$ cat final.cif   # mmCIF, C-alpha atoms
data_final
#
loop_
_atom_site.group_PDB
_atom_site.id
_atom_site.type_symbol
_atom_site.label_atom_id
_atom_site.label_comp_id
_atom_site.auth_asym_id
_atom_site.auth_seq_id
_atom_site.Cartn_x
_atom_site.Cartn_y
_atom_site.Cartn_z
ATOM 1 C CA MET A 1 52.764 92.860 125.476
ATOM 2 C CA ASP A 2 51.952 91.829 121.875
ATOM 3 C CA VAL A 3 54.019 88.903 120.700
ATOM 4 C CA LEU A 4 53.228 89.553 117.038
ATOM 5 C CA THR A 5 52.972 92.734 115.055
ATOM 6 C CA ASP A 6 49.485 93.692 113.949
ATOM 7 C CA PRO A 7 50.142 92.806 110.264
ATOM 8 C CA ALA A 8 51.533 89.391 111.262
ATOM 9 C CA ARG A 9 48.531 88.691 113.490
ATOM 10 C CA ARG A 10 46.112 89.723 110.731
ATOM 11 C CA PHE A 11 47.998 87.592 108.203
ATOM 12 C CA LEU A 12 47.788 84.501 110.390
ATOM 13 C CA ALA A 13 44.082 85.077 111.008
ATOM 14 C CA ALA A 14 43.389 85.600 107.316
ATOM 15 C CA THR A 15 45.219 82.428 106.281
ATOM 16 C CA ALA A 16 43.950 80.122 109.053
ATOM 17 C CA PRO A 17 41.528 77.330 108.147
ATOM 18 C CA GLU A 18 37.822 78.070 108.136
ATOM 19 C CA HIS A 19 35.771 76.790 111.049
ATOM 20 C CA THR A 20 33.557 73.777 110.551
ATOM 21 C CA ALA A 21 29.904 74.137 111.511
ATOM 22 C CA VAL A 22 30.465 72.802 115.023
ATOM 23 C CA GLN A 23 33.593 74.913 115.518
ATOM 24 C CA ALA A 24 31.666 78.021 114.495
ATOM 25 C CA GLU A 25 28.988 77.184 117.082
ATOM 26 C CA MET A 26 31.675 76.624 119.690
ATOM 27 C CA ALA A 27 33.343 79.936 118.856
ATOM 28 C CA ASP A 28 30.009 81.709 119.258
ATOM 29 C CA LEU A 29 29.493 80.044 122.627
ATOM 30 C CA ALA A 30 33.031 80.988 123.677
ATOM 31 C CA ASP A 31 32.267 84.614 122.848
ATOM 32 C CA GLU A 32 29.003 84.408 124.806
ATOM 33 C CA TRP A 33 30.664 82.882 127.860
ATOM 34 C CA GLY A 34 33.899 84.853 127.616
ATOM 35 C CA PHE A 35 35.632 81.475 127.415
ATOM 36 C CA PRO A 36 39.147 81.291 125.900
ATOM 37 C CA ILE A 37 39.582 78.845 123.025
ATOM 38 C CA ILE A 38 42.768 78.019 121.192
ATOM 39 C CA GLY A 39 41.504 79.584 117.961
ATOM 40 C CA PRO A 40 41.925 78.571 114.315
ATOM 41 C CA GLU A 41 45.536 79.726 113.990
ATOM 42 C CA ALA A 42 46.766 77.380 116.727
ATOM 43 C CA GLY A 43 44.043 74.888 115.843
ATOM 44 C CA ALA A 44 45.624 74.497 112.426
ATOM 45 C CA VAL A 45 48.840 73.413 114.154
ATOM 46 C CA LEU A 46 46.948 70.828 116.238
ATOM 47 C CA ARG A 47 45.367 69.486 113.072
ATOM 48 C CA LEU A 48 48.796 69.307 111.407
ATOM 49 C CA LEU A 49 50.365 67.510 114.373
ATOM 50 C CA ALA A 50 47.598 64.918 114.410
ATOM 51 C CA ARG A 51 48.134 64.364 110.697
ATOM 52 C CA LEU A 52 51.933 64.169 110.904
ATOM 53 C CA THR A 53 51.894 61.720 113.813
ATOM 54 C CA GLU A 54 49.072 59.676 112.253
ATOM 55 C CA ALA A 55 47.444 60.083 115.654
ATOM 56 C CA ASP A 56 45.331 57.308 117.029
ATOM 57 C CA ARG A 57 45.003 58.465 120.652
ATOM 58 C CA VAL A 58 45.080 62.026 121.979
ATOM 59 C CA PHE A 59 44.857 63.145 125.613
ATOM 60 C CA GLU A 60 43.928 66.663 126.716
ATOM 61 C CA PHE A 61 44.607 68.275 130.081
ATOM 62 C CA GLY A 62 41.735 70.768 130.090
ATOM 63 C CA SER A 63 39.192 70.663 127.291
ATOM 64 C CA GLY A 64 36.297 73.007 128.043
ATOM 65 C CA PHE A 65 33.545 71.921 125.675
ATOM 66 C CA GLY A 66 35.924 70.211 123.260
ATOM 67 C CA TYR A 67 36.933 72.895 120.761
ATOM 68 C CA SER A 68 40.589 71.821 120.575
ATOM 69 C CA ALA A 69 39.522 68.184 120.233
ATOM 70 C CA THR A 70 37.734 69.017 116.987
ATOM 71 C CA TRP A 71 41.018 70.170 115.479
ATOM 72 C CA PHE A 72 42.691 66.877 116.374
ATOM 73 C CA LEU A 73 39.765 65.029 114.809
ATOM 74 C CA ARG A 74 40.095 67.136 111.656
ATOM 75 C CA GLY A 75 43.699 65.913 111.506
ATOM 76 C CA GLY A 76 42.557 62.305 111.512
ATOM 77 C CA ALA A 77 42.853 61.422 115.201
ATOM 78 C CA GLU A 78 40.834 58.331 116.022
ATOM 79 C CA ARG A 79 40.127 59.026 119.700
ATOM 80 C CA VAL A 80 40.460 62.098 121.929
ATOM 81 C CA VAL A 81 40.196 61.895 125.711
ATOM 82 C CA CYS A 82 38.886 65.243 126.947
ATOM 83 C CA THR A 83 39.197 66.229 130.600
ATOM 84 C CA GLU A 84 37.283 69.042 132.226
ATOM 85 C CA PHE A 85 36.749 70.004 135.862
ATOM 86 C CA ASP A 86 33.596 72.010 135.087
ATOM 87 C CA ALA A 87 30.707 69.578 134.586
ATOM 88 C CA ASP A 88 28.595 72.118 132.678
ATOM 89 C CA GLU A 89 31.338 72.691 130.121
ATOM 90 C CA ALA A 90 31.867 68.950 129.688
ATOM 91 C CA GLU A 91 28.122 68.465 129.285
ATOM 92 C CA ARG A 92 28.076 71.013 126.481
ATOM 93 C CA GLY A 93 30.975 69.176 124.877
ATOM 94 C CA VAL A 94 29.072 65.894 124.983
ATOM 95 C CA ALA A 95 26.066 67.617 123.414
ATOM 96 C CA PHE A 96 28.179 69.159 120.643
ATOM 97 C CA ALA A 97 29.677 65.740 119.849
ATOM 98 C CA ALA A 98 26.284 64.047 119.785
ATOM 99 C CA ASP A 99 24.679 66.744 117.649
ATOM 100 C CA HIS A 100 27.492 66.782 115.098
ATOM 101 C CA GLY A 101 28.191 63.069 114.817
ATOM 102 C CA TYR A 102 31.551 62.533 116.462
ATOM 103 C CA ALA A 103 30.447 61.165 119.847
ATOM 104 C CA ASP A 104 32.199 57.856 119.134
ATOM 105 C CA SER A 105 35.531 59.662 118.762
ATOM 106 C CA VAL A 106 35.644 61.640 122.023
ATOM 107 C CA THR A 107 35.449 60.726 125.677
ATOM 108 C CA PHE A 108 34.691 63.431 128.238
ATOM 109 C CA GLU A 109 36.086 62.804 131.711
ATOM 110 C CA VAL A 110 34.808 65.150 134.431
ATOM 111 C CA GLY A 111 37.218 65.879 137.268
ATOM 112 C CA ASP A 112 40.897 66.570 137.889
ATOM 113 C CA ALA A 113 42.905 65.869 134.727
ATOM 114 C CA MET A 114 45.882 64.684 136.782
ATOM 115 C CA GLU A 115 43.709 62.037 138.424
ATOM 116 C CA THR A 116 42.142 61.098 135.109
ATOM 117 C CA VAL A 117 45.424 60.532 133.267
ATOM 118 C CA ALA A 118 46.494 58.111 135.997
ATOM 119 C CA ARG A 119 43.688 55.809 134.833
ATOM 120 C CA TYR A 120 44.964 55.694 131.251
ATOM 121 C CA ASP A 121 47.939 53.587 130.283
ATOM 122 C CA GLY A 122 48.721 55.110 126.916
ATOM 123 C CA PRO A 123 50.469 55.158 124.607
ATOM 124 C CA PHE A 124 49.326 58.554 123.370
ATOM 125 C CA ASP A 125 50.348 60.068 120.069
ATOM 126 C CA VAL A 126 49.571 63.678 120.982
ATOM 127 C CA VAL A 127 48.930 65.398 124.325
ATOM 128 C CA LEU A 128 47.592 68.905 124.864
ATOM 129 C CA ILE A 129 48.289 70.676 128.160
ATOM 130 C CA ASP A 130 45.843 73.528 128.661
ATOM 131 C CA HIS A 131 44.653 73.510 132.275
ATOM 132 C CA GLN A 132 45.957 75.302 135.403
ATOM 133 C CA LYS A 133 49.238 76.927 134.442
ATOM 134 C CA GLY A 134 50.889 76.142 137.777
ATOM 135 C CA ARG A 135 50.419 72.416 137.074
ATOM 136 C CA TYR A 136 51.810 72.330 133.538
ATOM 137 C CA ALA A 137 55.201 70.937 134.528
ATOM 138 C CA ASP A 138 53.609 68.267 136.723
ATOM 139 C CA ALA A 139 51.296 67.283 133.870
ATOM 140 C CA TYR A 140 54.267 67.011 131.526
ATOM 141 C CA ARG A 141 56.263 64.822 133.894
ATOM 142 C CA THR A 142 53.236 62.614 134.544
ATOM 143 C CA VAL A 143 52.247 62.055 130.933
ATOM 144 C CA LEU A 144 55.679 61.866 129.274
ATOM 145 C CA PRO A 145 56.138 58.120 129.985
ATOM 146 C CA LYS A 146 52.779 57.518 128.300
ATOM 147 C CA VAL A 147 53.659 59.291 125.045
ATOM 148 C CA ARG A 148 55.217 57.141 122.339
ATOM 149 C CA SER A 149 58.537 57.964 120.738
ATOM 150 C CA GLY A 150 57.786 60.390 117.927
ATOM 151 C CA GLY A 151 54.679 61.608 119.730
ATOM 152 C CA VAL A 152 54.074 65.232 120.591
ATOM 153 C CA ILE A 153 53.197 67.224 123.712
ATOM 154 C CA VAL A 154 51.682 70.672 123.114
ATOM 155 C CA ALA A 155 51.229 73.369 125.765
ATOM 156 C CA ASP A 156 49.020 76.435 125.274
ATOM 157 C CA ASN A 157 49.241 79.979 126.711
ATOM 158 C CA ILE A 158 53.010 80.150 126.519
ATOM 159 C CA ALA A 159 53.076 83.790 125.428
ATOM 160 C CA ARG A 160 49.641 85.202 126.205
ATOM 161 C CA GLY A 161 46.742 84.692 128.581
ATOM 162 C CA PRO A 162 46.808 84.849 132.381
ATOM 163 C CA ILE A 163 50.570 85.436 132.393
ATOM 164 C CA ASP A 164 53.076 88.287 132.377
ATOM 165 C CA PHE A 165 54.976 87.695 129.148
ATOM 166 C CA GLU A 166 57.535 90.431 129.814
ATOM 167 C CA THR A 167 58.513 88.624 133.014
ATOM 168 C CA LEU A 168 59.052 85.425 131.021
ATOM 169 C CA VAL A 169 61.193 87.255 128.486
ATOM 170 C CA ALA A 170 63.325 88.738 131.286
ATOM 171 C CA HIS A 171 63.691 85.306 132.887
ATOM 172 C CA PHE A 172 64.883 83.468 129.786
ATOM 173 C CA GLU A 173 66.831 86.364 128.285
ATOM 174 C CA ALA A 174 68.550 87.792 131.356
ATOM 175 C CA GLY A 175 68.083 85.200 134.086
ATOM 176 C CA GLU A 176 65.655 87.274 136.122
ATOM 177 C CA PRO A 177 63.848 85.154 138.747
ATOM 178 C CA LEU A 178 60.323 83.942 138.175
ATOM 179 C CA PRO A 179 57.688 85.351 140.547
ATOM 180 C CA ASP A 180 56.682 83.400 143.642
ATOM 181 C CA ASP A 181 53.513 81.340 143.465
ATOM 182 C CA ALA A 182 51.820 83.708 145.886
ATOM 183 C CA VAL A 183 52.527 86.643 143.544
ATOM 184 C CA ASP A 184 51.852 85.133 140.099
ATOM 185 C CA ALA A 185 51.408 81.363 140.004
ATOM 186 C CA GLU A 186 50.383 81.380 136.327
ATOM 187 C CA THR A 187 53.514 83.105 135.064
ATOM 188 C CA ARG A 188 55.723 81.004 137.310
ATOM 189 C CA GLY A 189 53.999 77.831 136.071
ATOM 190 C CA ILE A 190 54.549 78.674 132.414
ATOM 191 C CA GLY A 191 58.161 79.644 133.092
ATOM 192 C CA GLU A 192 58.792 76.374 134.921
ATOM 193 C CA TYR A 193 57.161 74.422 132.104
ATOM 194 C CA VAL A 194 59.263 76.007 129.392
ATOM 195 C CA GLY A 195 62.402 75.534 131.465
ATOM 196 C CA THR A 196 61.506 71.880 132.063
ATOM 197 C CA VAL A 197 60.942 70.917 128.425
ATOM 198 C CA ARG A 198 63.963 72.898 127.221
ATOM 199 C CA SER A 199 66.261 71.042 129.623
ATOM 200 C CA ASP A 200 64.820 67.555 129.056
ATOM 201 C CA ASP A 201 66.799 65.450 126.573
ATOM 202 C CA ALA A 202 63.740 63.235 126.076
ATOM 203 C CA VAL A 203 62.118 65.909 123.905
ATOM 204 C CA GLU A 204 62.931 68.549 121.322
ATOM 205 C CA THR A 205 60.895 71.735 121.757
ATOM 206 C CA ALA A 206 59.943 74.676 119.580
ATOM 207 C CA ILE A 207 57.733 77.588 120.617
ATOM 208 C CA LEU A 208 55.365 78.894 117.961
ATOM 209 C CA PRO A 209 53.846 82.410 118.234
ATOM 210 C CA VAL A 210 50.368 81.401 117.062
ATOM 211 C CA GLY A 211 47.222 81.919 119.099
ATOM 212 C CA SER A 212 48.336 82.501 122.663
ATOM 213 C CA GLY A 213 51.701 80.887 121.960
ATOM 214 C CA ILE A 214 52.201 77.122 121.967
ATOM 215 C CA ALA A 215 55.189 74.994 122.934
ATOM 216 C CA VAL A 216 55.526 71.877 120.764
ATOM 217 C CA SER A 217 57.713 69.100 122.166
ATOM 218 C CA THR A 218 58.505 65.981 120.124
ATOM 219 C CA VAL A 219 59.465 62.894 122.106
ATOM 220 C CA VAL A 220 62.845 61.627 120.875
ATOM 221 C CA ARG A 221 63.889 59.191 123.627
#
$ encode --input "final.cif" --output "structure tokens"
Amino acid sequence: MDVLTDPARRFLAATAPEHTAVQAEMADLADEWGFPIIGPEAGAVLRLLARLTEADRVFEFGSGFGYSATWFLRGGAERVVCTEFDADEAERGVAFAADHGYADSVTFEVGDAMETVARYDGPFDVVLIDHQKGRYADAYRTVLPKVRSGGVIVADNIARGPIDFETLVAHFEAGEPLPDDAVDAETRGIGEYVGTVRSDDAVETAILPVGSGIAVSTVVR
């Protein structure tokens, strides 16, 4: 199910920021590996959020080789903590950072992002959640106390990716039940995440139909 019409999608692509040299290399690698990246349309929003929050510290649940981190850095973020379970992907991210001169601004942590975030006290200005969809809500609940008031939590793949978007529409529009974990853990995870942030008075949330769909939650507590 297409979230956007074809003209709208083409318009967003045509007006998105140009890739930097390292982002272009990363995009080529993503195509080669068949690896999903957030893309320049959503990347522009990450850059904007880093700029608007005057971000000092950013934490990512799921980073691959650090493509999304480069957008935060373009927005002025001072430090991005990248987490990645796949050691090869993290190694490529370290190499990209070294080759393009931003190694001092990123830290790659290999392993479970939920275990990694427990070792960081915060406060964080921006958080990106982009790992296993069934763990999104847990990641949100874990990191929320570590995000400063006025900070932002962003979640990717809200409308597209390894999910059934029509099922999500039916759930939020008509109250249809989410699928069981055994049937579709990814769709259930995204549905639970959206339901969690929408019902939490600690944040205000808007869903933007850029890239694969992102949920942007501003901490207001």
$ residues_around --input "final.cif" --residues "A:Glu166" --least-positions-apart "2" --cutoff "10 Å" --atoms "only C-alpha atoms" --output "ChimeraX atom specification"
/A:1-3,159,163-164,168-171,187
$ closest_residue --input "final.cif" --among "A:Val152, A:Met26, A:Leu144, A:Ala87" --to "A:Ala55" --atoms "all atoms listed in the file"
A:Val152
$ closest_residue --input "final.cif" --among "A:Leu29, A:Tyr136, A:Arg148, A:Phe165" --to "A:Gly195" --atoms "only C-alpha atoms"
A:Tyr136
$ closest_residue --input "final.cif" --among "A:Ser217, A:Thr20, A:Ser212, A:Ser105" --to "A:Val147" --atoms "all atoms listed in the file"
A:Ser217
$ closest_residue --input "final.cif" --among "A:Thr53, A:Thr167, A:Thr15, A:Asn157" --to "A:Val127" --atoms "only C-alpha atoms"
A:Thr53
$ closest_residue --input "final.cif" --among "A:Glu173, A:Asp99, A:Asp181, A:Asp104" --to "A:Lys133" --atoms "all atoms listed in the file"
A:Asp181
$ residues_around --input "final.cif" --residues "A:Ile37" --least-positions-apart "5" --cutoff "8 Å" --atoms "all atoms listed in the file" --output "ChimeraX atom specification"
/A:27,30,67-68
$ residues_near_point --input "final.cif" --point "(54.4, 77.5, 120.9)" --cutoff "9 Å" --atoms "only C-alpha atoms" --output "PyMOL selection string"
chain A and resi 42+154-159+205-216
$ closest_residue --input "final.cif" --among "A:Ser199, A:Phe172, A:Arg92, A:Val143" --to "A:Glu25" --atoms "all atoms listed in the file"
A:Arg92
$ resolve_selection --input "final.cif" --expression "the PyMOL selection byres ((chain A and resi 74-83) around 7)" --output "list in words"
Arg47, Leu48, Ala50, Arg51, Ala55, Asp56, Arg57, Val58, Phe59, Glu60, Phe61, Gly62, Ser63, Gly66, Ala69, Thr70, Trp71, Phe72, Leu73, Glu84, Phe85, Ser105, Val106, Thr107, Phe108, Glu109, Val110, Gly111 and Ala113 of chain A
$ atom_distance --input "final.cif" --atom1 "atom CA of A:Thr5" --atom2 "atom CA of A:Arg188"
25.3 Å
$ atom_distance --input "final.cif" --atom1 "atom CA of A:Glu192" --atom2 "atom CA of A:Gly175"
12.8 Å
$ atom_distance --input "final.cif" --atom1 "atom CA of A:Gln132" --atom2 "atom CA of A:Glu186"
7.6 Å
$ residues_around --input "final.cif" --residues "stretch 138-140 of chain A" --least-positions-apart "5" --cutoff "8 Å" --atoms "all atoms listed in the file" --output "list in words"
Phe61, Met114, Ile129, Ile153 and Tyr193 of chain A
$ resolve_selection --input "final.cif" --expression "the PyMOL selection byres ((chain A and resi 96) around 10)" --output "PyMOL selection string"
chain A and resi 22-23+25-26+65-67+90-95+97-103
$ residues_around --input "final.cif" --residues "A:Ser149" --least-positions-apart "3" --cutoff "8 Å" --atoms "all atoms listed in the file" --output "PyMOL selection string"
chain A and resi 219-221
$ axis_aligned_box --input "final.cif" --around "stretch 65-83 of chain A" --padding-each-side "4 Å" --output "lines of an AutoDock Vina configuration file"
center_x = 38.6
center_y = 65.6
center_z = 121.1
size_x = 18.2
size_y = 22.6
size_z = 27.1
$ decode --input "final.cif" --residues "stretch 54-70 of chain A" --atoms "N, CA and C atoms" --output "PDB file, in the first residue's frame"
ATOM      1  N   GLU A  54      19.283  21.985  18.794  1.00  0.00           N
ATOM      2  CA  GLU A  54      20.687  22.313  19.073  1.00  0.00           C
ATOM      3  C   GLU A  54      21.359  21.100  19.701  1.00  0.00           C
ATOM      4  N   ALA A  55      21.224  19.967  19.016  1.00  0.00           N
ATOM      5  CA  ALA A  55      21.610  18.671  19.582  1.00  0.00           C
ATOM      6  C   ALA A  55      23.089  18.594  19.914  1.00  0.00           C
ATOM      7  N   ASP A  56      23.335  18.128  21.104  1.00  0.00           N
ATOM      8  CA  ASP A  56      24.695  17.808  21.531  1.00  0.00           C
ATOM      9  C   ASP A  56      24.906  16.305  21.452  1.00  0.00           C
ATOM     10  N   ARG A  57      23.952  15.519  22.018  1.00  0.00           N
ATOM     11  CA  ARG A  57      24.105  14.075  22.076  1.00  0.00           C
ATOM     12  C   ARG A  57      22.901  13.397  21.435  1.00  0.00           C
ATOM     13  N   VAL A  58      23.194  12.447  20.561  1.00  0.00           N
ATOM     14  CA  VAL A  58      22.169  11.672  19.857  1.00  0.00           C
ATOM     15  C   VAL A  58      22.436  10.192  20.116  1.00  0.00           C
ATOM     16  N   PHE A  59      21.378   9.429  20.314  1.00  0.00           N
ATOM     17  CA  PHE A  59      21.506   7.974  20.480  1.00  0.00           C
ATOM     18  C   PHE A  59      20.649   7.288  19.438  1.00  0.00           C
ATOM     19  N   GLU A  60      21.209   6.250  18.799  1.00  0.00           N
ATOM     20  CA  GLU A  60      20.481   5.499  17.782  1.00  0.00           C
ATOM     21  C   GLU A  60      20.322   4.039  18.189  1.00  0.00           C
ATOM     22  N   PHE A  61      19.092   3.553  18.142  1.00  0.00           N
ATOM     23  CA  PHE A  61      18.816   2.125  18.265  1.00  0.00           C
ATOM     24  C   PHE A  61      18.828   1.538  16.850  1.00  0.00           C
ATOM     25  N   GLY A  62      19.949   0.962  16.452  1.00  0.00           N
ATOM     26  CA  GLY A  62      20.070   0.431  15.099  1.00  0.00           C
ATOM     27  C   GLY A  62      20.649   1.474  14.171  1.00  0.00           C
ATOM     28  N   SER A  63      21.861   1.221  13.689  1.00  0.00           N
ATOM     29  CA  SER A  63      22.557   2.243  12.897  1.00  0.00           C
ATOM     30  C   SER A  63      23.111   1.746  11.574  1.00  0.00           C
ATOM     31  N   GLY A  64      23.191   0.414  11.381  1.00  0.00           N
ATOM     32  CA  GLY A  64      23.842  -0.069  10.170  1.00  0.00           C
ATOM     33  C   GLY A  64      25.257   0.451  10.105  1.00  0.00           C
ATOM     34  N   PHE A  65      25.613   1.075   8.991  1.00  0.00           N
ATOM     35  CA  PHE A  65      26.958   1.639   8.855  1.00  0.00           C
ATOM     36  C   PHE A  65      26.967   3.154   9.045  1.00  0.00           C
ATOM     37  N   GLY A  66      25.910   3.687   9.671  1.00  0.00           N
ATOM     38  CA  GLY A  66      25.945   5.069  10.130  1.00  0.00           C
ATOM     39  C   GLY A  66      25.367   6.106   9.191  1.00  0.00           C
ATOM     40  N   TYR A  67      24.541   5.687   8.239  1.00  0.00           N
ATOM     41  CA  TYR A  67      23.955   6.654   7.302  1.00  0.00           C
ATOM     42  C   TYR A  67      23.113   7.706   8.030  1.00  0.00           C
ATOM     43  N   SER A  68      22.201   7.273   8.891  1.00  0.00           N
ATOM     44  CA  SER A  68      21.336   8.235   9.582  1.00  0.00           C
ATOM     45  C   SER A  68      22.150   9.173  10.472  1.00  0.00           C
ATOM     46  N   ALA A  69      23.241   8.660  11.040  1.00  0.00           N
ATOM     47  CA  ALA A  69      24.085   9.504  11.888  1.00  0.00           C
ATOM     48  C   ALA A  69      24.642  10.692  11.119  1.00  0.00           C
ATOM     49  N   THR A  70      24.936  10.498   9.832  1.00  0.00           N
ATOM     50  CA  THR A  70      25.492  11.603   9.053  1.00  0.00           C
ATOM     51  C   THR A  70      24.497  12.739   8.897  1.00  0.00           C
TER      52      THR A  70
END
